[in-house]
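Q: This structure is in structure tokens; I'll ask about it shortly.
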Amino acid sequence: MGKSEIRTETARGARTSKKASAPARPARQPASVKSEAPYHHGALREALLQAAERVLERDGLAGLTLRAVAREAGVSHAAPTHHFGDLTGLLSELAAVGFRQFNAAMASSSDSATTPLERALARPKAYVAYAQAHPGMYGIMFRTERLDYSRPSLHEAAEASFAGLANAVGMMRQEQIRGDALTLNQGAAIARAWSMVHGFTMLLLDGRLEDILGRLPEGTTPERLLEAMLMSPVTGKLPGP
């Protein structure tokens, strides 16, 4: 073998040795694996619900999709489907969260009340305050056509909300009200209280009370108007036969 052939073989061996010693590049992980890694299975479900609430309050119900929630949470598009099935499932679980938040606000509303009148006004004030602070959540809580009430979490949270309302009306009437068996008068009292506060809340959120507020003494707030409504006795006589 000549000198030139020896040099060629030596160079070729050096290149082969260099290639063999080079470290192998790590395989890329799929983006979905990387994005979901920080979450435990249970924590991911909670993170998705929190992301859904943010999307709802920011973009409205029209902007709340499974893909939008996945993007907001920074996970794969399949994650919401895995945890909630479809959009109805997600909305139903989100409404359950809303009812639980709502119920907690109602329950703690009278903690600082010092008189019976303050306690009576505390719950409806808290009702309106929650809706103002969380208009998106409040909106889907009563969108029955978009929800699946057969889901245990939503059914239980909604029932707890109704029980709280029935108990509050019972306290005002100074009687025990069983939510599963109402007299006509009890049902009428519950429906009247709910209709008044819910109707007021929807008009307020839709900006439909601005005209009335503009005609009232300067500085009159929606809360003060609500107080006056709740404290005003039913006056006048029903028309005769």
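Simple scheme: letters A, B, ... for chains in structure tokens order, numbers from 1 for residues in each chain, numbers from 1 for ligands in the order shown.
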When you look at Gly63 (chain A) with a cut-off of 12 Å (counting only C-alpha atoms), what residues show up, excluding the ones that are within fewer than 6 positions of it in the same chain? I need them as a list in words.
A: Ala52, Glu53, Arg54, Val55, Leu56, Glu57, Val69, Glu72, Leu87 and Gly136 of chain A
Q: Given the choices A:Leu66, A:Ala104, A:Leu205, A:Leu44, which gets closest to Ala133 (chain A) if the distance is worked out from only C-alpha atoms?
A: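 Comparing A:Leu66, A:Ala104, A:Leu205, A:Leu44 against Ala133 (chain A), the winner is A:Leu205.
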Q: As a ChimeraX atom specification, please: all residues of region 125-181 of chain A that backbone DSSP puts in helix (DSSP H, G or I).
A: /A:125-133,135-141,144-146,152-173
Q: Measuring atom to atom with only C-alpha atoms, identify which of A:Leu226, A:Ala166, A:Leu94, A:Ile212 is nearest to Ala122 (chain A).
A: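 Using only C-alpha atoms, Ala122 (chain A) sits closest to A:Leu226.
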Q: Rank nothing, just name the residue among A:Arg100, A:Arg215, A:His134, A:Arg146 nearest to Ala158 (chain A), using only C-alpha atoms.
A: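 Among A:Arg100, A:Arg215, A:His134, A:Arg146, it is A:Arg100 that comes nearest to Ala158 (chain A).
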Q: Of the residues A:Phe142, A:Tyr149, A:Tyr127, A:Phe99, which is the one nearest to Ala193 (chain A), using only C-alpha atoms?
A: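 Going through A:Phe142, A:Tyr149, A:Tyr127, A:Phe99 one by one, the smallest distance to Ala193 (chain A) is for A:Tyr127.
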Q: Quick one: residues within 12 Å of Arg67 (chain A), only C-alpha atoms, excluding same-chain residues fewer than 4 positions away - as a list of chain:residue names?
A: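 The contact residues come out as A:Leu48, A:Ala51, A:Ala52, A:Val55, A:Gly63, A:Arg71, A:Glu72, A:Ala73, A:Gly74, A:Val75, A:Ser76, A:His77, A:Ala78, A:Ala79, A:Pro80, A:Thr81, A:Asp86, A:Leu87, A:Leu90.
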Q: Please measure the separation of CA of Val197 (chain A) and CA of Met172 (chain A), giving the value in Å to one decimal.
A: 15.2 Å
Q: Name the closest residue to Leu121 (chain A) among the candidates A:His198, A:Ala168, A:Arg143, A:Leu184; distances are taken between atoms, counting only C-alpha atoms.
A: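 Comparing A:His198, A:Ala168, A:Arg143, A:Leu184 against Leu121 (chain A), the winner is A:Ala168.
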Q: May I ask for the distance between CA of Ala96 (chain A) and CA of Tyr138 (chain A), given in Å to one decimal place?
A: 10.8 Å
Q: Show which residues sit within 7 Å of Arg123 (chain A), as an MDAnalysis selection string. Count only C-alpha atoms, and ignore same-chain residues fewer than 2 positions away.
A: chainID A and resid 106 109:110 120:121 125:127
Q: Write the residues of the selection above to a file with N, CA and C atoms, as an mmCIF file, in the first residue's frame.
A:
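Output file out-v7.cif follows:
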data_model
loop_
_atom_site.group_PDB
_atom_site.id
_atom_site.type_symbol
_atom_site.label_atom_id
_atom_site.label_comp_id
_atom_site.auth_asym_id
_atom_site.auth_seq_id
_atom_site.Cartn_x
_atom_site.Cartn_y
_atom_site.Cartn_z
ATOM 1 N N MET A 106 -73.970 33.398 48.558
ATOM 2 C CA MET A 106 -75.247 33.550 49.263
ATOM 3 C C MET A 106 -75.104 33.170 50.738
ATOM 4 N N SER A 109 -73.337 35.797 52.781
ATOM 5 C CA SER A 109 -73.797 37.173 52.574
ATOM 6 C C SER A 109 -74.260 37.868 53.853
ATOM 7 N N SER A 110 -74.792 37.106 54.785
ATOM 8 C CA SER A 110 -75.345 37.732 55.988
ATOM 9 C C SER A 110 -74.394 37.703 57.177
ATOM 10 N N ALA A 120 -82.110 40.187 55.825
ATOM 11 C CA ALA A 120 -83.098 39.933 54.778
ATOM 12 C C ALA A 120 -82.644 40.500 53.429
ATOM 13 N N LEU A 121 -81.929 41.615 53.466
ATOM 14 C CA LEU A 121 -81.479 42.256 52.224
ATOM 15 C C LEU A 121 -80.149 41.704 51.721
ATOM 16 N N LYS A 125 -78.865 41.087 47.629
ATOM 17 C CA LYS A 125 -77.742 41.941 47.234
ATOM 18 C C LYS A 125 -76.568 41.091 46.750
ATOM 19 N N ALA A 126 -76.306 39.999 47.453
ATOM 20 C CA ALA A 126 -75.215 39.107 47.060
ATOM 21 C C ALA A 126 -75.527 38.443 45.723
ATOM 22 N N TYR A 127 -76.783 38.139 45.492
ATOM 23 C CA TYR A 127 -77.235 37.552 44.225
ATOM 24 C C TYR A 127 -76.839 38.469 43.068
#
Q: Compare A:Asp111, A:Asp59, A:Glu175, A:Glu156 by their minimum atom-to-atom distance to Met137 (chain A), counting only C-alpha atoms, and give me the closest one.
A: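 Checking each of A:Asp111, A:Asp59, A:Glu175, A:Glu156 against Met137 (chain A), counting only C-alpha atoms, the winner is A:Asp59.
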Q: Between CA of Ser195 (chain A) and CA of Gly219 (chain A), what is the distance in Å, rounded to a tenth?
A: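 Atom-to-atom, CA of Ser195 (chain A) and CA of Gly219 (chain A) are spaced 26.1 Å apart.
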Q: Just want the 7 Å neighbourhood of Ala95 (chain A), counted on only C-alpha atoms, with same-chain residues fewer than 5 positions away dropped. Output as a PyMOL selection string.
A: chain A and resi 137+140-141+154
